[in-house]
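Engineer: One file: query.txt (compact mmCIF, C-alpha atoms).
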# COMPACT_ATOMS: atom_id res chain seq x y z
CA MET Z 80 -0.13 22.41 -7.33
CA LYS Z 81 1.56 24.28 -10.15
CA ASP Z 82 0.79 23.71 -13.79
CA THR Z 83 2.97 24.37 -16.78
CA GLU Z 84 1.99 23.66 -20.40
CA ASP Z 85 1.45 19.94 -20.13
CA LYS Z 86 2.83 19.11 -16.70
CA ILE Z 87 1.22 19.13 -13.30
CA THR Z 88 3.42 19.20 -10.22
CA LEU Z 89 2.20 18.15 -6.79
CA PHE Z 90 4.25 18.82 -3.69
CA TYR Z 91 3.92 17.18 -0.27
CA LYS Z 92 5.67 17.62 3.05
CA ILE Z 93 5.75 14.32 4.91
CA PRO Z 94 5.61 14.65 8.69
CA GLY Z 95 8.12 12.36 10.34
CA ASN Z 96 6.72 11.76 13.75
CA ASP Z 97 3.28 10.36 13.01
CA PHE Z 98 3.03 6.82 11.70
CA THR Z 99 -0.77 6.94 11.63
CA ARG Z 100 -0.68 9.74 9.05
CA ALA Z 101 1.84 8.00 6.80
CA GLY Z 102 0.25 7.40 3.42
CA GLU Z 103 -1.90 10.52 3.28
CA ALA Z 104 0.17 11.99 0.46
CA SER Z 105 0.06 8.76 -1.55
CA SER Z 106 -3.67 8.54 -1.01
CA ASN Z 107 -4.05 12.09 -2.27
CA VAL Z 108 -1.97 11.38 -5.39
CA LYS Z 109 -4.00 8.23 -6.03
CA SER Z 110 -7.32 10.11 -5.97
CA LYS Z 111 -5.94 12.89 -8.17
CA LEU Z 112 -4.62 10.46 -10.80
CA LYS Z 113 -7.93 8.61 -10.75
CA MET Z 114 -9.81 11.86 -11.31
CA MET Z 115 -7.48 12.71 -14.21
CA GLY Z 116 -8.53 9.43 -15.82
CA VAL Z 117 -5.11 7.76 -15.66
CA ARG Z 118 -5.34 3.99 -16.32
CA PRO Z 119 -6.15 2.09 -13.08
CA ASP Z 120 -3.13 -0.24 -13.25
CA ILE Z 121 -0.81 2.75 -13.62
CA VAL Z 122 -2.53 4.57 -10.76
CA ARG Z 123 -2.01 1.51 -8.57
CA LYS Z 124 1.69 1.19 -9.46
CA VAL Z 125 2.31 4.84 -8.62
CA ALA Z 126 0.30 4.62 -5.40
CA ILE Z 127 2.11 1.51 -4.13
CA ALA Z 128 5.60 2.77 -5.01
CA MET Z 129 4.97 6.17 -3.45
CA TYR Z 130 3.33 4.67 -0.36
CA GLU Z 131 6.35 2.45 0.30
CA GLY Z 132 8.60 5.48 -0.12
CA GLU Z 133 6.44 7.55 2.17
CA ILE Z 134 6.49 4.85 4.85
CA ASN Z 135 10.29 4.62 4.53
CA MET Z 136 10.59 8.37 5.11
CA VAL Z 137 8.51 8.16 8.25
CA ILE Z 138 10.33 5.10 9.60
CA HIS Z 139 13.91 6.03 8.79
CA ALA Z 140 14.24 9.73 8.09
CA SER Z 141 11.80 11.75 10.25
CA GLY Z 142 9.85 12.71 7.15
CA GLY Z 143 10.83 14.60 4.02
CA THR Z 144 9.30 15.93 0.82
CA ILE Z 145 7.69 14.31 -2.20
CA GLU Z 146 7.30 15.97 -5.58
CA VAL Z 147 5.08 14.30 -8.16
CA ILE Z 148 5.36 15.49 -11.75
CA ILE Z 149 2.59 14.29 -14.02
CA SER Z 150 3.07 14.63 -17.76
CA PRO Z 151 1.23 12.95 -20.64
CA GLU Z 152 4.09 10.44 -21.00
CA GLU Z 153 5.01 9.56 -17.44
CA ILE Z 154 4.61 10.14 -13.74
CA GLU Z 155 7.77 11.06 -11.89
CA MET Z 156 8.13 10.93 -8.11
CA ILE Z 157 11.03 12.59 -6.33
CA LEU Z 158 11.32 11.68 -2.65
CA LYS Z 159 13.84 13.66 -0.63
CA ASP Z 160 14.80 13.33 2.99
CA GLN Z 161 17.47 14.54 5.35
CA GLY Z 162 17.66 11.27 7.23
CA PRO Z 163 20.65 9.16 8.15
CA GLY Z 164 21.32 8.07 4.54
CA ILE Z 165 21.87 4.54 3.23
CA GLU Z 166 25.35 3.10 3.66
CA ASP Z 167 25.08 0.27 1.14
CA ILE Z 168 22.36 0.91 -1.43
CA GLU Z 169 22.78 -2.47 -3.13
CA LEU Z 170 22.28 -4.26 0.17
CA ALA Z 171 19.26 -2.08 0.98
CA MET Z 172 17.73 -3.09 -2.35
CA THR Z 173 17.93 -6.79 -1.44
CA ALA Z 174 14.50 -8.29 -0.75
CA GLY Z 175 14.23 -9.12 2.94
CA TYR Z 176 17.05 -6.87 4.13
CA SER Z 177 15.84 -4.37 6.72
CA THR Z 178 17.27 -2.05 9.34
CA ALA Z 179 13.84 -1.14 10.73
CA PRO Z 180 13.47 -1.54 14.49
CA ASP Z 181 11.15 -4.16 16.03
CA ASN Z 182 8.46 -1.64 16.93
CA ILE Z 183 8.08 -0.91 13.20
CA ARG Z 184 7.78 -4.62 12.42
CA ASN Z 185 4.98 -4.80 14.95
CA LEU Z 186 3.20 -2.15 12.89
CA GLY Z 187 3.38 -4.35 9.78
CA PHE Z 188 6.41 -2.83 8.05
CA GLY Z 189 10.14 -3.42 8.04
CA ALA Z 190 10.02 -6.72 6.14
CA GLY Z 191 12.74 -5.50 3.82
CA MET Z 192 10.38 -5.27 0.88
CA GLY Z 193 10.02 -1.48 0.61
CA LEU Z 194 12.79 -0.61 -1.84
CA PRO Z 195 12.38 -3.87 -3.86
CA ASN Z 196 8.66 -3.13 -4.18
CA MET Z 197 9.36 0.43 -5.31
CA LYS Z 198 11.67 -0.91 -8.01
CA LYS Z 199 9.19 -3.59 -9.02
CA TYR Z 200 6.32 -1.19 -9.64
CA THR Z 201 8.24 1.54 -11.46
CA ASP Z 202 9.88 1.68 -14.88
CA GLU Z 203 12.89 3.65 -13.66
CA MET Z 204 14.27 4.12 -10.19
CA SER Z 205 17.41 5.71 -8.84
CA VAL Z 206 18.61 6.08 -5.26
CA GLU Z 207 21.16 8.70 -4.29
CA SER Z 208 22.25 8.74 -0.70
CA GLN Z 209 24.95 10.20 1.51
CA VAL Z 210 25.39 8.97 5.04
CA GLY Z 211 24.59 11.74 7.50
CA ILE Z 212 23.09 13.97 4.80
CA GLY Z 213 20.06 12.24 3.34
CA THR Z 214 18.51 10.25 0.54
CA THR Z 215 16.80 11.10 -2.73
CA VAL Z 216 14.78 8.47 -4.53
CA THR Z 217 13.55 9.22 -8.05
CA MET Z 218 10.97 6.93 -9.64
CA LYS Z 219 9.23 7.04 -13.00
CA VAL Z 220 6.17 5.18 -14.20
CA LYS Z 221 5.52 5.39 -17.94
CA ILE Z 222 2.00 6.12 -19.08
CA ILE Z 223 2.65 5.42 -22.75
CA MET J 246 -17.04 -15.69 -4.42
CA THR J 247 -18.64 -12.56 -2.97
CA ILE J 248 -17.83 -10.61 0.18
CA GLY J 249 -21.09 -12.02 1.56
CA ASP J 250 -19.86 -15.59 0.92
CA ILE J 251 -16.64 -14.81 2.81
CA LYS J 252 -18.64 -13.46 5.74
CA GLU J 253 -20.78 -16.58 5.82
CA THR J 254 -17.90 -19.05 5.39
CA LEU J 255 -15.92 -17.51 8.24
CA GLY J 256 -18.93 -16.79 10.44
CA ALA J 257 -17.52 -13.28 10.46
CA LYS J 258 -18.95 -10.16 12.02
CA LEU J 259 -19.66 -7.40 9.54
CA ILE J 260 -18.14 -4.06 10.57
CA VAL J 261 -18.28 -1.99 7.39
CA GLY J 262 -19.92 -2.64 4.02
CA GLU J 263 -23.46 -3.99 4.25
CA GLU J 264 -24.08 -2.49 0.81
CA TRP J 265 -21.05 -4.16 -0.80
CA MET J 266 -21.84 -7.79 0.14
CA SER J 267 -22.47 -8.79 -3.47
CA ARG J 268 -19.09 -7.53 -4.70
CA GLU J 269 -16.96 -10.24 -6.30
CA VAL J 270 -13.65 -11.31 -4.78
CA HIS J 271 -11.21 -13.10 -7.12
CA THR J 272 -8.12 -13.75 -5.01
CA ALA J 273 -6.95 -13.68 -1.40
CA CYS J 274 -3.85 -12.79 0.54
CA GLY J 275 -3.07 -13.53 4.20
CA SER J 276 -0.29 -11.61 5.94
CA ASP J 277 0.56 -9.43 8.91
CA MET J 278 3.36 -7.73 6.98
CA MET J 279 1.99 -4.99 4.78
CA SER J 280 5.01 -4.87 2.45
CA ASP J 281 4.41 -8.53 1.63
CA VAL J 282 0.85 -7.62 0.74
CA LEU J 283 2.11 -4.74 -1.39
CA ALA J 284 4.50 -7.03 -3.26
CA PHE J 285 1.79 -8.84 -5.22
CA MET J 286 -0.64 -6.88 -7.31
CA LYS J 287 -3.97 -8.66 -7.66
CA ASP J 288 -7.42 -7.73 -8.78
CA GLN J 289 -10.40 -7.58 -6.45
CA SER J 290 -8.64 -9.22 -3.56
CA VAL J 291 -9.54 -9.92 0.04
CA LEU J 292 -6.85 -9.40 2.67
CA LEU J 293 -6.79 -11.57 5.79
CA THR J 294 -4.65 -10.11 8.55
CA GLY J 295 -4.00 -10.16 12.27
CA LEU J 296 -2.54 -6.66 12.09
CA CYS J 297 -4.97 -4.01 13.23
CA ASN J 298 -3.90 -0.43 12.55
CA LEU J 299 -4.60 2.40 10.12
CA GLN J 300 -1.86 1.27 7.73
CA VAL J 301 -3.82 -1.91 6.99
CA ILE J 302 -6.61 0.23 5.53
CA ARG J 303 -4.05 2.39 3.69
CA THR J 304 -2.40 -0.69 2.21
CA ALA J 305 -5.78 -2.00 1.07
CA GLU J 306 -6.54 1.38 -0.47
CA MET J 307 -3.29 1.43 -2.47
CA MET J 308 -3.89 -2.14 -3.68
CA ASP J 309 -7.58 -1.65 -4.53
CA ILE J 310 -8.38 -4.46 -2.09
CA VAL J 311 -12.15 -4.76 -1.72
CA CYS J 312 -12.40 -6.45 1.68
CA ILE J 313 -10.29 -6.90 4.83
CA VAL J 314 -10.88 -9.78 7.25
CA PHE J 315 -9.37 -9.32 10.70
CA VAL J 316 -8.54 -12.74 12.16
CA ARG J 317 -8.28 -13.86 15.79
CA GLY J 318 -11.21 -11.63 16.72
CA LYS J 319 -9.34 -8.37 16.17
CA MET J 320 -11.56 -5.30 15.91
CA PRO J 321 -10.67 -2.11 14.04
CA ASP J 322 -10.92 1.23 15.85
CA GLY J 323 -13.06 4.23 14.90
CA ALA J 324 -10.44 5.89 12.69
CA MET J 325 -9.96 2.67 10.71
CA ILE J 326 -13.70 2.20 10.27
CA GLU J 327 -14.07 5.78 9.09
CA MET J 328 -11.27 5.43 6.52
CA ALA J 329 -12.64 2.10 5.26
CA LYS J 330 -16.08 3.66 4.70
CA GLN J 331 -14.52 6.53 2.82
CA LYS J 332 -12.45 4.23 0.61
CA GLU J 333 -15.28 1.71 0.17
CA ILE J 334 -13.42 -1.22 1.70
CA ALA J 335 -15.57 -3.81 3.49
CA LEU J 336 -14.36 -4.83 6.97
CA LEU J 337 -15.06 -8.21 8.59
CA SER J 338 -13.83 -9.75 11.82
CA THR J 339 -13.62 -13.48 12.52
CA GLY J 340 -12.64 -15.40 15.62
CA HIS J 341 -10.76 -17.97 13.50
CA ARG J 342 -6.98 -17.91 13.38
CA MET J 343 -5.16 -16.98 10.21
CA PHE J 344 -4.38 -20.55 9.10
CA SER J 345 -7.92 -21.77 9.64
CA ALA J 346 -9.55 -18.74 8.05
CA CYS J 347 -7.35 -19.02 4.93
CA GLY J 348 -8.02 -22.76 4.75
CA MET J 349 -11.78 -22.34 4.98
CA LEU J 350 -11.77 -19.89 2.08
CA TYR J 351 -9.38 -22.08 0.06
CA GLU J 352 -11.73 -25.00 0.53
CA LYS J 353 -14.49 -22.91 -1.00
CA GLY J 354 -12.37 -22.34 -4.09
CA LEU J 355 -10.65 -19.03 -3.36
CA ARG J 356 -7.00 -18.95 -4.46
CA GLY J 357 -3.95 -16.83 -3.74
CA GLY J 358 -2.47 -16.28 -7.18
CA ALA J 359 0.69 -17.54 -8.85
CA PRO J 360 3.68 -18.69 -6.76
CA TYR J 361 6.56 -16.29 -6.22
CA ARG J 362 9.41 -16.57 -8.68
What is this structure when it is put down as structure tokens?

Structural biologist:
Amino acid sequence: MKDTEDKITLFYKIPGNDFTRAGEASSNVKSKLKMMGVRPDIVRKVAIAMYEGEINMVIHASGGTIEVIISPEEIEMILKDQGPGIEDIELAMTAGYSTAPDNIRNLGFGAGMGLPNMKKYTDEMSVESQVGIGTTVTMKVKII
Amino acid sequence: MTIGDIKETLGAKLIVGEEWMSREVHTACGSDMMSDVLAFMKDQSVLLTGLCNLQVIRTAEMMDIVCIVFVRGKMPDGAMIEMAKQKEIALLSTGHRMFSACGMLYEKGLRGGAPYR
């Protein structure tokens, strides 16, 4: 955790090979925001959006990193991975579209709702991706 | 409806949460797909699911879900029980199938929230 004047930055490395541990970072962010006294509905939005992103990283990209920047105005999440990249971002954003394998569906994910949910719960979201290089998802939830 | 009422209605076995039986539950959600659960934000919800892994508890945590009912007699493992205790999520297990369990709670007045648009 590093603090500047009015910003707090949290940094997480997401392990890619352990589905059972997926969500630990989001859980940690949720408790921290709660402790900071952030409004419960905002905490929940951030937690859900980040959790979906974290799960995506584990399923598709063998992990990655998540940076969470908390300022008085907004909470920004930057999720970076060096996974296979997304060929057609618009298609990936379609509710119900999924490339997750069957074994992931058996674990309760891969319904094609991850990216749509992330968009739904955040005020701003951008996806940058290059096939073979990786994906960066930036999400912002406004506090004010 | 309280968590205790849900336990009684479903004849469910209590796994975690003896002390939270009087907590109020306002809405319910039944799904084995966690992203479907994550798609609808509700307050003080109960989740009915046939999925039984750690991510069910995580999903409930993110959603502030107060109680999880495992249907078809599924039983959570030690790691799930531990996490549920930590996050204060009550765990129940019922032998009823998903459709029946949801129906029994619906009959008692529990609802699932607005339709998807």

Engineer: Each residue of chain J lying at most 8 Å from chain Z should get a row with its shortest atom-to-atom pair and the distance in Å to one decimal, counting only C-alpha atoms; could you produce that, ordered by chain and increasing number, as a tab-separated table?

Structural biologist:
residue	atom	partner	partner_atom	distance
J:Asp277	CA	Z:Gly187	CA	5.9
J:Met278	CA	Z:Gly187	CA	4.4
J:Met279	CA	Z:Gly187	CA	5.2
J:Ser280	CA	Z:Met192	CA	5.6
J:Asp281	CA	Z:Met192	CA	6.8
J:Leu283	CA	Z:Ile127	CA	6.8
J:Ala284	CA	Z:Asn196	CA	5.8
J:Leu296	CA	Z:Gly187	CA	6.8
J:Asn298	CA	Z:Leu186	CA	7.3
J:Leu299	CA	Z:Thr99	CA	6.1
J:Gln300	CA	Z:Thr99	CA	7.0
J:Arg303	CA	Z:Gly102	CA	6.6
J:Glu306	CA	Z:Ser106	CA	7.7
J:Met307	CA	Z:Ala126	CA	5.6
J:Met308	CA	Z:Arg123	CA	6.4
J:Asp309	CA	Z:Arg123	CA	7.6

Engineer: Measure the distance from CA of Glu133 in chain Z to CA of Pro163 in chain Z in Å and round it to one decimal.

Structural biologist: 15.5 Å

Engineer: Could you check the closest approach to Trp265 in chain J for each of J:Asp250, J:Glu352, J:Asp288, J:Glu327 and tell me which residue wins, using only C-alpha atoms?

Structural biologist: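 Closest residue, counting only C-alpha atoms: J:Asp250.
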
Engineer: If you count only C-alpha atoms, which residues fall within 6 Å of Gly95 in chain Z, apart from same-chain ones fewer than 3 positions away, as a ChimeraX atom specification?

Structural biologist: /Z:137,141-142

Engineer: By how many Å are CA of Gly318 in chain J and CA of Gly358 in chain J apart?

Structural biologist: 25.9 Å
